[in-house]
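Text of coords01.cif, listed as mmCIF, C-alpha atoms and all ligand atoms:
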data_work
loop_
_atom_site.label_atom_id
_atom_site.label_comp_id
_atom_site.auth_asym_id
_atom_site.auth_seq_id
_atom_site.Cartn_x
_atom_site.Cartn_y
_atom_site.Cartn_z
CA MET S 26 0.00 0.00 0.00
CA ASN S 27 1.42 3.40 -0.84
CA LYS S 28 0.15 6.93 -0.81
CA SER S 29 1.21 10.24 -2.41
CA LYS S 30 0.07 13.81 -1.82
CA GLY S 31 -1.49 16.15 -4.43
CA GLU S 32 -5.17 16.51 -5.33
CA THR S 33 -7.72 16.54 -2.54
CA ILE S 34 -9.60 13.57 -4.01
CA ARG S 35 -8.92 10.45 -1.93
CA LEU S 36 -8.46 7.70 -4.44
CA LEU S 37 -8.17 3.93 -4.04
CA LEU S 38 -6.72 1.94 -6.93
CA VAL S 39 -7.57 -1.77 -6.91
CA ASP S 40 -6.00 -4.19 -9.41
CA ASP S 41 -4.36 -7.60 -8.99
CA GLU S 42 -1.84 -7.02 -11.80
CA ASP S 43 1.02 -5.28 -9.98
CA GLY S 44 2.71 -3.98 -13.13
CA PHE S 45 -0.47 -2.42 -14.50
CA ARG S 46 -1.45 -0.95 -11.13
CA MET S 47 2.01 0.58 -10.54
CA THR S 48 2.06 2.14 -13.98
CA ILE S 49 -1.37 3.72 -13.53
CA ALA S 50 -0.40 4.80 -10.00
CA LYS S 51 2.77 6.52 -11.20
CA ARG S 52 0.91 8.34 -13.95
CA LEU S 53 -1.78 9.44 -11.53
CA GLU S 54 0.87 10.61 -9.08
CA ARG S 55 2.44 12.71 -11.81
CA ARG S 56 -0.95 14.40 -12.17
CA GLY S 57 -0.97 15.09 -8.44
CA PHE S 58 -3.35 12.40 -7.20
CA SER S 59 -3.09 11.17 -3.66
CA GLN S 60 -3.89 7.47 -3.72
CA ILE S 61 -3.92 4.21 -1.88
CA GLN S 62 -3.48 0.86 -3.63
CA ALA S 63 -4.94 -2.58 -3.06
CA SER S 64 -4.26 -5.79 -4.97
CA CYS S 65 -7.58 -7.57 -4.38
CA GLY S 66 -11.22 -7.06 -3.40
CA GLU S 67 -10.68 -8.21 0.18
CA GLU S 68 -7.84 -5.71 0.74
CA CYS S 69 -9.95 -2.97 -0.87
CA LEU S 70 -12.86 -3.60 1.53
CA ALA S 71 -10.54 -3.74 4.55
CA ILE S 72 -9.06 -0.34 3.59
CA LEU S 73 -12.51 1.21 3.12
CA ASP S 74 -13.48 0.07 6.61
CA ARG S 75 -10.67 2.07 8.18
CA GLU S 76 -9.85 4.94 5.81
CA PRO S 77 -11.87 7.71 4.18
CA VAL S 78 -11.96 7.34 0.40
CA ASP S 79 -13.88 9.33 -2.22
CA VAL S 80 -13.40 7.32 -5.41
CA VAL S 81 -12.41 3.68 -6.03
CA VAL S 82 -10.94 2.61 -9.37
CA LEU S 83 -11.71 -1.11 -9.40
CA ASP S 84 -10.57 -3.90 -11.70
CA VAL S 85 -13.40 -6.30 -12.53
CA LYS S 86 -11.37 -9.47 -13.09
CA MET S 87 -9.55 -10.37 -9.92
CA PRO S 88 -8.83 -13.63 -8.12
CA GLY S 89 -10.85 -14.10 -4.90
CA ILE S 90 -13.83 -11.82 -4.53
CA SER S 91 -14.56 -10.37 -7.99
CA GLY S 92 -14.75 -6.69 -8.88
CA ILE S 93 -18.55 -6.78 -9.25
CA GLU S 94 -18.96 -8.49 -5.84
CA THR S 95 -16.57 -5.97 -4.28
CA LEU S 96 -18.60 -3.17 -5.87
CA LYS S 97 -21.84 -4.55 -4.38
CA VAL S 98 -20.32 -4.62 -0.87
CA ILE S 99 -18.94 -1.08 -1.31
CA LYS S 100 -22.38 0.21 -2.33
CA GLN S 101 -23.97 -1.57 0.61
CA LYS S 102 -21.53 -0.40 3.25
CA HIS S 103 -20.24 2.93 1.90
CA ASP S 104 -22.92 4.23 -0.44
CA LYS S 105 -21.27 7.66 -0.77
CA ILE S 106 -18.10 6.29 -2.38
CA GLN S 107 -18.10 6.40 -6.20
CA VAL S 108 -16.67 3.41 -8.08
CA ILE S 109 -15.15 3.40 -11.58
CA LEU S 110 -14.73 -0.10 -13.01
CA LEU S 111 -11.89 -1.22 -15.24
CA THR S 112 -12.98 -4.00 -17.59
CA GLY S 113 -11.22 -6.04 -20.24
CA ASN S 114 -12.00 -4.72 -23.74
CA VAL S 115 -14.06 -7.77 -24.61
CA ALA S 116 -16.11 -7.61 -21.41
CA VAL S 117 -18.44 -4.67 -21.97
CA SER S 118 -21.23 -6.70 -20.34
CA ASP S 119 -19.22 -6.55 -17.06
CA GLY S 120 -19.32 -2.76 -17.27
CA ILE S 121 -23.06 -2.70 -17.85
CA GLN S 122 -23.61 -5.14 -15.02
CA GLY S 123 -21.41 -2.88 -12.85
CA ILE S 124 -23.44 0.22 -13.63
CA LYS S 125 -26.59 -1.67 -12.70
CA ALA S 126 -24.92 -2.53 -9.38
CA GLY S 127 -24.20 1.16 -8.70
CA ALA S 128 -20.83 1.91 -10.39
CA TYR S 129 -20.38 5.51 -11.50
CA ASP S 130 -18.95 4.40 -14.87
CA TYR S 131 -16.62 1.86 -16.46
CA LEU S 132 -13.51 2.15 -18.62
CA THR S 133 -12.03 -0.56 -20.81
CA LYS S 134 -8.40 -1.53 -20.58
CA PRO S 135 -5.93 -0.36 -21.80
CA VAL S 136 -6.82 2.83 -19.99
CA GLU S 137 -6.12 6.25 -21.44
CA ILE S 138 -4.82 8.05 -18.35
CA ASP S 139 -6.33 11.50 -19.02
CA HIS S 140 -9.66 9.83 -19.63
CA LEU S 141 -9.38 8.10 -16.24
CA VAL S 142 -8.40 11.37 -14.51
CA ASN S 143 -11.48 13.09 -15.99
CA LYS S 144 -13.76 10.29 -14.88
CA VAL S 145 -12.29 10.37 -11.34
CA ARG S 146 -12.90 14.14 -11.14
CA GLN S 147 -16.45 13.79 -12.45
CA ALA S 148 -17.18 11.00 -9.98
CA PHE S 149 -15.82 13.12 -7.13
CA GLU S 150 -17.91 16.10 -8.24
CA MET S 151 -20.95 13.81 -8.13
CA THR S 152 -20.12 12.86 -4.49
CA ARG S 153 -19.85 16.52 -3.55
CA LEU S 154 -23.14 17.40 -5.22
CA GLU S 155 -24.87 14.53 -3.46
CA GLU S 156 -23.41 15.60 -0.12
CA GLN S 157 -24.65 19.15 -0.72
CA LYS S 158 -28.09 17.82 -1.65
CA THR S 159 -28.24 15.72 1.53
CA ALA S 160 -27.13 18.68 3.66
CA GLN S 161 -29.71 20.95 2.01
CA LEU S 162 -32.44 18.38 2.57
CA ALA S 163 -31.48 17.97 6.23
CA TYR S 164 -31.47 21.77 6.66
CA ARG S 165 -34.89 22.07 5.00
CA THR S 166 -36.37 19.29 7.12
CA LYS S 167 -35.01 20.96 10.26
CA LEU S 168 -36.38 24.36 9.20
CA GLU S 169 -39.78 22.92 8.30
CA LYS S 170 -39.97 21.17 11.66
CA LYS S 171 -39.08 24.41 13.41
CA ILE S 172 -41.80 26.30 11.50
CA VAL S 173 -44.40 23.63 12.30
CA ASP S 174 -43.33 23.61 15.99
CA THR S 175 -43.49 27.39 16.19
CA GLU S 176 -46.90 27.59 14.51
CA ARG S 177 -48.23 24.86 16.76
CA LEU S 178 -46.96 26.57 19.89
CA VAL S 179 -48.17 30.00 18.77
CA SER S 180 -51.71 28.77 18.06
CA LEU S 181 -51.70 26.83 21.32
CA GLY S 182 -50.53 30.04 23.00
CA THR S 183 -53.37 32.11 21.59
CA MET S 184 -55.89 29.45 22.57
CA SER S 185 -54.59 28.94 26.09
CA THR S 186 -54.38 32.68 26.74
CA GLY S 187 -58.06 32.91 25.87
CA ILE S 188 -58.93 29.96 28.11
CA ALA S 189 -56.83 31.35 30.97
CA HIS S 190 -58.82 34.57 30.76
CA GLU S 191 -62.10 32.70 31.02
CA ILE S 192 -60.91 30.51 33.88
CA ASN S 193 -59.85 33.45 36.04
CA ASN S 194 -63.42 34.43 36.94
CA PRO S 195 -64.74 31.03 38.12
CA LEU S 196 -61.41 30.57 39.91
CA ALA S 197 -61.95 33.74 41.91
CA ILE S 198 -65.48 32.58 42.81
CA ILE S 199 -64.23 29.12 43.95
CA ASN S 200 -61.57 30.80 46.06
CA GLU S 201 -64.06 33.14 47.66
CA ALA S 202 -66.49 30.30 48.35
CA ALA S 203 -63.72 28.22 49.93
CA GLY S 204 -62.83 31.18 52.12
CA PHE S 205 -66.48 31.52 53.13
CA ILE S 206 -66.79 27.82 54.05
CA LYS S 207 -63.62 28.12 56.10
CA GLU S 208 -65.00 31.12 57.91
CA VAL S 209 -68.27 29.34 58.73
CA ILE S 210 -66.61 26.13 59.83
CA THR S 211 -64.09 27.86 62.09
CA ALA S 212 -66.76 30.05 63.74
CA PRO S 213 -67.08 29.45 67.56
CA THR S 214 -70.65 28.14 67.12
CA MET S 215 -69.31 25.20 65.08
CA ASP S 216 -66.95 24.15 67.83
CA THR S 217 -68.57 20.79 68.49
CA ASP S 218 -68.98 19.74 64.88
CA SER S 219 -67.23 16.39 64.67
CA GLN S 220 -66.77 16.66 60.93
CA LYS S 221 -65.11 20.06 61.14
CA LYS S 222 -61.64 18.64 60.64
CA ALA S 223 -62.62 16.72 57.52
CA VAL S 224 -64.36 19.74 55.99
CA LEU S 225 -61.37 21.97 56.75
CA LEU S 226 -59.07 19.46 55.08
CA GLY S 227 -61.28 19.51 52.01
CA VAL S 228 -61.30 23.29 51.91
CA GLU S 229 -57.51 23.37 52.15
CA LYS S 230 -57.29 21.00 49.19
CA ILE S 231 -59.56 23.34 47.22
CA GLU S 232 -57.37 26.32 48.16
CA LYS S 233 -54.20 24.50 47.16
CA SER S 234 -55.63 23.58 43.77
CA VAL S 235 -56.97 27.09 43.24
CA LYS S 236 -53.46 28.37 43.93
CA ARG S 237 -52.01 26.07 41.28
CA ALA S 238 -54.70 26.95 38.76
CA SER S 239 -54.01 30.65 39.46
CA ARG S 240 -50.32 30.07 38.87
CA ILE S 241 -51.24 28.60 35.50
CA THR S 242 -53.48 31.50 34.47
CA HIS S 243 -50.97 34.05 35.78
CA GLN S 244 -48.18 32.39 33.86
CA LEU S 245 -50.27 32.49 30.68
CA LEU S 246 -51.61 36.00 31.09
CA GLY S 247 -48.69 37.63 32.85
CA HIS S 248 -48.79 38.92 36.40
CA VAL S 249 -49.88 42.45 35.62
CA LYS S 250 -52.59 42.99 33.04
CA ARG S 251 -51.73 45.70 30.59
CA GLN S 252 -54.05 47.51 28.30
CA ARG S 253 -51.60 48.04 25.46
CA PRO S 254 -48.21 46.70 24.44
CA GLN S 255 -45.50 49.09 25.43
CA VAL S 256 -42.61 49.33 23.06
CA SER S 257 -39.93 51.56 24.43
CA GLU S 258 -36.19 51.80 24.78
CA VAL S 259 -35.18 48.83 26.89
CA ASP S 260 -31.85 48.18 28.52
CA LEU S 261 -31.45 44.43 28.85
CA THR S 262 -28.74 44.81 31.50
CA THR S 263 -31.06 46.82 33.75
CA LEU S 264 -33.84 44.29 33.17
CA MET S 265 -31.54 41.44 34.18
CA HIS S 266 -30.53 43.28 37.37
CA GLU S 267 -34.19 43.98 38.17
CA THR S 268 -35.22 40.36 37.57
CA LEU S 269 -32.35 39.02 39.66
CA GLY S 270 -33.43 41.48 42.37
CA LEU S 271 -36.84 39.79 42.42
CA LEU S 272 -35.13 36.40 42.73
CA LYS S 273 -32.61 37.55 45.37
CA LYS S 274 -34.12 35.40 48.12
CA GLU S 275 -33.64 32.16 46.15
CA VAL S 276 -30.21 33.20 44.82
CA ASP S 277 -28.96 34.03 48.32
CA ALA S 278 -30.50 30.95 49.91
CA LYS S 279 -28.60 28.67 47.51
CA GLN S 280 -25.50 30.90 47.49
CA ILE S 281 -25.56 31.05 43.72
CA ARG S 282 -22.81 33.05 42.03
CA ILE S 283 -23.82 35.29 39.12
CA ILE S 284 -21.09 35.76 36.53
CA TRP S 285 -21.55 38.79 34.30
CA ASN S 286 -19.95 38.36 30.94
CA LEU S 287 -21.61 41.06 28.86
CA HIS S 288 -19.89 42.41 25.76
CA GLN S 289 -20.87 45.93 26.80
CA LYS S 290 -22.48 47.54 29.82
CA LYS S 291 -25.72 48.71 28.24
CA LEU S 292 -27.67 46.41 25.91
CA THR S 293 -30.21 48.62 24.21
CA LEU S 294 -33.34 47.41 22.35
CA TRP S 295 -36.63 48.86 21.21
CA SER S 296 -39.01 46.26 22.50
CA ASP S 297 -41.52 45.32 25.17
CA ALA S 298 -39.73 45.45 28.52
CA TYR S 299 -42.56 43.73 30.35
CA GLN S 300 -42.50 40.68 28.11
CA ILE S 301 -38.71 40.49 28.12
CA ARG S 302 -38.76 40.58 31.91
CA GLN S 303 -41.13 37.61 31.86
CA VAL S 304 -38.70 35.71 29.61
CA LEU S 305 -35.74 36.49 31.89
CA MET S 306 -37.75 35.62 34.98
CA ASN S 307 -38.72 32.19 33.68
CA LEU S 308 -35.24 31.31 32.40
CA LEU S 309 -33.49 32.47 35.57
CA ASN S 310 -36.05 30.70 37.72
CA ASN S 311 -35.44 27.46 35.87
CA ALA S 312 -31.67 27.87 36.19
CA ILE S 313 -31.98 28.38 39.95
CA HIS S 314 -34.27 25.35 40.26
CA ALA S 315 -31.82 23.20 38.30
CA MET S 316 -28.98 23.60 40.79
CA GLY S 317 -28.19 22.84 44.40
CA GLU S 318 -26.04 25.09 46.57
CA ASN S 319 -22.99 27.04 45.30
CA GLY S 320 -23.87 26.78 41.64
CA CYS S 321 -23.30 29.55 39.17
CA ILE S 322 -25.30 31.31 36.48
CA THR S 323 -23.40 32.98 33.65
CA LEU S 324 -24.93 35.83 31.72
CA SER S 325 -23.16 36.44 28.41
CA SER S 326 -24.02 38.63 25.47
CA ARG S 327 -23.00 39.42 21.93
CA GLU S 328 -24.39 41.50 19.15
CA THR S 329 -25.05 41.24 15.43
CA GLN S 330 -26.10 44.08 13.18
CA GLY S 331 -29.81 43.68 13.91
CA ALA S 332 -29.95 41.72 17.14
CA VAL S 333 -28.73 41.37 20.69
CA ILE S 334 -27.98 37.81 21.74
CA LEU S 335 -28.07 36.81 25.37
CA GLU S 336 -26.99 33.51 26.87
CA ILE S 337 -28.19 32.37 30.26
CA GLY S 338 -26.01 29.46 31.28
CA ASP S 339 -26.18 27.39 34.44
CA ASN S 340 -24.11 24.55 35.83
CA GLY S 341 -27.15 22.69 37.07
CA ARG S 342 -28.26 19.12 36.49
CA GLY S 343 -28.89 19.50 32.74
CA ILE S 344 -31.79 18.31 30.62
CA PRO S 345 -31.93 14.68 29.42
CA ARG S 346 -31.68 14.40 25.64
CA GLU S 347 -35.13 12.78 25.40
CA ASN S 348 -36.70 15.82 27.11
CA LEU S 349 -35.08 18.47 24.91
CA GLY S 350 -37.85 18.24 22.30
CA LYS S 351 -40.59 18.59 24.93
CA ILE S 352 -39.51 21.39 27.26
CA PHE S 353 -41.32 24.11 25.26
CA ASP S 354 -44.57 22.13 25.23
CA PRO S 355 -47.31 23.41 27.52
CA PHE S 356 -47.56 21.55 30.83
CA PHE S 357 -44.33 19.60 30.34
CA THR S 358 -42.64 19.59 33.71
CA THR S 359 -40.37 17.34 35.75
CA LYS S 360 -41.28 19.24 38.90
CA SER S 361 -43.83 18.33 41.55
CA PHE S 362 -47.44 19.59 41.66
CA ASP S 363 -46.47 22.42 44.04
CA GLU S 364 -43.28 23.38 42.27
CA GLY S 365 -44.00 23.76 38.57
CA THR S 366 -46.77 24.16 36.04
CA GLY S 367 -44.71 23.35 32.96
CA LEU S 368 -45.77 26.63 31.37
CA GLY S 369 -42.63 28.71 31.93
CA LEU S 370 -40.79 27.79 28.75
CA PHE S 371 -44.01 27.59 26.73
CA VAL S 372 -44.68 31.23 27.63
CA VAL S 373 -41.03 32.13 26.93
CA HIS S 374 -41.28 30.54 23.48
CA LYS S 375 -44.54 32.36 22.73
CA ILE S 376 -43.09 35.72 23.78
CA MET S 377 -39.90 35.20 21.79
CA SER S 378 -42.00 34.38 18.76
CA ASP S 379 -44.20 37.48 19.32
CA LEU S 380 -41.10 39.64 19.64
CA LYS S 381 -39.72 38.10 16.43
CA GLY S 382 -36.81 36.70 18.39
CA ASP S 383 -35.36 33.25 18.64
CA ILE S 384 -34.52 30.80 21.39
CA GLU S 385 -32.20 27.82 21.45
CA VAL S 386 -31.12 25.42 24.14
CA ASN S 387 -27.96 23.42 24.69
CA SER S 388 -27.63 21.07 27.57
CA THR S 389 -25.29 18.41 28.90
CA MET S 390 -26.45 16.11 31.65
CA GLY S 391 -24.54 16.76 34.85
CA LYS S 392 -22.79 19.81 33.41
CA GLY S 393 -25.48 22.37 32.81
CA THR S 394 -27.77 24.15 30.42
CA ALA S 395 -27.55 27.28 28.31
CA PHE S 396 -30.50 29.09 26.78
CA THR S 397 -29.57 31.47 23.96
CA ILE S 398 -32.13 34.17 23.27
CA LYS S 399 -31.88 36.49 20.32
CA PHE S 400 -33.79 39.79 20.42
CA PRO S 401 -34.16 41.94 17.33
CA LYS S 402 -32.96 45.46 18.16
CA THR S 403 -36.29 46.90 17.00
CA VAL S 404 -39.70 45.23 17.18
CA ASP S 405 -42.49 46.21 14.80
CA ILE S 406 -45.10 47.93 17.02
CA SER S 407 -48.05 47.31 14.67
CA ASN S 408 -47.44 43.58 14.97
CA LEU S 409 -47.57 43.75 18.77
CA GLU S 410 -50.76 45.85 18.72
CA ASP S 411 -52.48 43.32 16.44
CA LYS S 412 -51.53 40.55 18.81
CA ASP S 413 -52.86 42.51 21.80
CA LYS S 414 -56.28 42.93 20.17
CA LYS S 415 -56.61 39.16 19.86
CA ILE S 416 -56.25 38.55 23.60
N1 LIG O 501 -32.08 25.39 33.17
C1 LIG O 501 -32.65 24.18 33.25
N2 LIG O 501 -31.96 23.13 33.72
C2 LIG O 501 -32.53 21.88 33.81
N3 LIG O 501 -33.79 21.60 33.42
C3 LIG O 501 -34.52 22.62 32.94
C4 LIG O 501 -34.00 23.96 32.82
N4 LIG O 501 -34.96 24.73 32.27
C5 LIG O 501 -36.03 23.93 32.07
N5 LIG O 501 -35.78 22.67 32.48
C6 LIG O 501 -36.69 21.50 32.37
O1 LIG O 501 -37.78 21.86 31.55
C7 LIG O 501 -39.01 21.66 32.23
C8 LIG O 501 -40.02 22.67 31.74
O2 LIG O 501 -39.65 23.98 32.16
P1 LIG O 501 -40.77 25.08 32.32
O3 LIG O 501 -40.12 26.34 32.77
O4 LIG O 501 -41.59 25.12 31.10
O5 LIG O 501 -41.71 24.49 33.46
P2 LIG O 501 -41.39 24.30 35.00
O6 LIG O 501 -40.18 25.05 35.38
O7 LIG O 501 -41.40 22.84 35.27
O8 LIG O 501 -42.68 24.94 35.68
P3 LIG O 501 -43.00 26.53 35.83
O9 LIG O 501 -42.01 27.27 35.02
O10 LIG O 501 -44.37 26.69 35.33
O11 LIG O 501 -42.88 26.77 37.28
C9 LIG O 501 -38.66 21.74 33.69
O12 LIG O 501 -39.58 21.03 34.50
C10 LIG O 501 -37.27 21.11 33.73
O13 LIG O 501 -37.37 19.69 33.72
MG MG O 502 -40.03 27.10 34.78
#
Could you render the structure from this file as structure tokens?
Ligand SMILES: Nc1ncnc2c1ncn2[C@@H]1O[C@H](COP(=O)(O)OP(=O)(O)OP(=O)(O)O)[C@@H](O)[C@H]1O
Ligand SMILES: [Mg+2]
Amino acid sequence: MNKSKGETIRLLLVDDEDGFRMTIAKRLERRGFSQIQASCGEECLAILDREPVDVVVLDVKMPGISGIETLKVIKQKHDKIQVILLTGNVAVSDGIQGIKAGAYDYLTKPVEIDHLVNKVRQAFEMTRLEEQKTAQLAYRTKLEKKIVDTERLVSLGTMSTGIAHEINNPLAIINEAAGFIKEVITAPTMDTDSQKKAVLLGVEKIEKSVKRASRITHQLLGHVKRQRPQVSEVDLTTLMHETLGLLKKEVDAKQIRIIWNLHQKKLTLWSDAYQIRQVLMNLLNNAIHAMGENGCITLSSRETQGAVILEIGDNGRGIPRENLGKIFDPFFTTKSFDEGTGLGLFVVHKIMSDLKGDIEVNSTMGKGTAFTIKFPKTVDISNLEDKDKKI
């Protein structure tokens, strides 16, 4: 086996006739082709199992496993490799059979070297085009999935916001009624009621569930109801400080270190500060929940011409790979009934989509998680007003 440097095409030359193979090899080398040689089908297949090759020039008539059989195995195991067959001049049928089995083309011996070089280049070009096509297809599939996911979440968002609105009223009535029952049952005149304890327990269950349902509607509607969207000059840095201020109790209790890694002090946007605060609140809350004591949260930023990109990284427990596709779904949570509703990231996703931003997540189990959020520097106000009318 020998190899020489030159062209970027990785070529494997397979022929059992040493003299013929060496001559072709030398001529190819003179034209700058890097190549590996093999003297039989078995050796060829062994090489392909351990080395990257783009094009195989393969003799059809060889002792042991024949060229056509070798070709079939190559196409089965390494379908991206192109194969050019070399046939005897009376064996055109071998060439045709080879093409049927997936060969790129065949040449008859004796081989005209420039003809071979051209074929090798064409075969390589074909590999590159196919790779590009595969990459484009994968990119399109990914993009289409993202669009479908976003549309699904946005329509779910609009629907659930409407439902949340409707649920708020009966929820308030249930809460008031539970309070009333509690008042009656704890009145001094009820002192001897033997079932008082049981009723009180029931009322407490109602109150606990009302609290959870309220958390859900609050998460969906936002804590403060606004009449109109407010697009103004927003400084992301100030918003992050404010949000962390609201979470100070939890941050201090777990002795979490906040590492500021911003590319500049002030990160200015024209956007909706209220909604951005909700995004930061949910992401920071999740980061805090994901870690025990002495963890750290890193806040990094960068900027492109039209956007500010923020990364909120934590060194918490991480998200299992199988959950990564579900975390933005409504009501997906790994937390207990009292701890989480599973709406935090759903709301974050909806807001980022409303603000024409983007969100991505990277996570490694046991190491931590980073959410990257991209805000356009200016949000179209008319779009936000339209959205507000729908609610
Ligand atoms: N930074 C993080 N580290 C580890 N897991 C996370 C992180 N962020 C989110 N998760 C996972 O994603 C799930 C969904 O998060 P999401 O914020 O939507 O809901 P939640 O935090 O469970 O409940 P809520 O936000 O309503 O209190 C979480 O239960 C958790 O399993
Ligand atoms: Mg959350």
So which one's closest to Ser185 (chain S), S:Val136, S:Val372, S:Val78, S:Leu111? Using only C-alpha atoms, please.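 Going through S:Val136, S:Val372, S:Val78, S:Leu111 one by one, the smallest distance to Ser185 (chain S) is for S:Val372.
As for CA of Thr211 (chain S) and CA of Ala197 (chain S), they are spaced 21.1 Å apart.
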Option closest in space to ligand MG 502 (chain O), from S:Met47, S:Ile398, S:Cys321, S:Ile313 [counting all atoms listed in the file]: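 Closest residue, counting all atoms listed in the file: S:Ile313.
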Nearest candidate to Leu225 (chain S) (options S:Ser239, S:Val209, S:Glu169, S:Gln60; using all atoms listed in the file):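 Under the stated criterion, the closest residue is S:Val209.
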From the options S:Arg327, S:Arg240, S:Lys290, S:Lys273, which residue's atoms come nearest to ligand LIG 501 (chain O), counting only C-alpha atoms and all ligand atoms?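 Of S:Arg327, S:Arg240, S:Lys290, S:Lys273, the one nearest ligand LIG 501 (chain O), counting only C-alpha atoms and all ligand atoms, is S:Arg240.
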Protein and nucleic residues near ligand MG 502 (chain O), 12 Å, only C-alpha atoms and all ligand atoms, as JSON, numbers by chain: {"S": [240, 241, 244, 303, 304, 305, 306, 307, 308, 309, 310, 311, 312, 313, 314, 315, 352, 353, 354, 355, 356, 357, 358, 359, 360, 361, 364, 365, 366, 367, 368, 369, 370, 371, 372, 373, 374]}
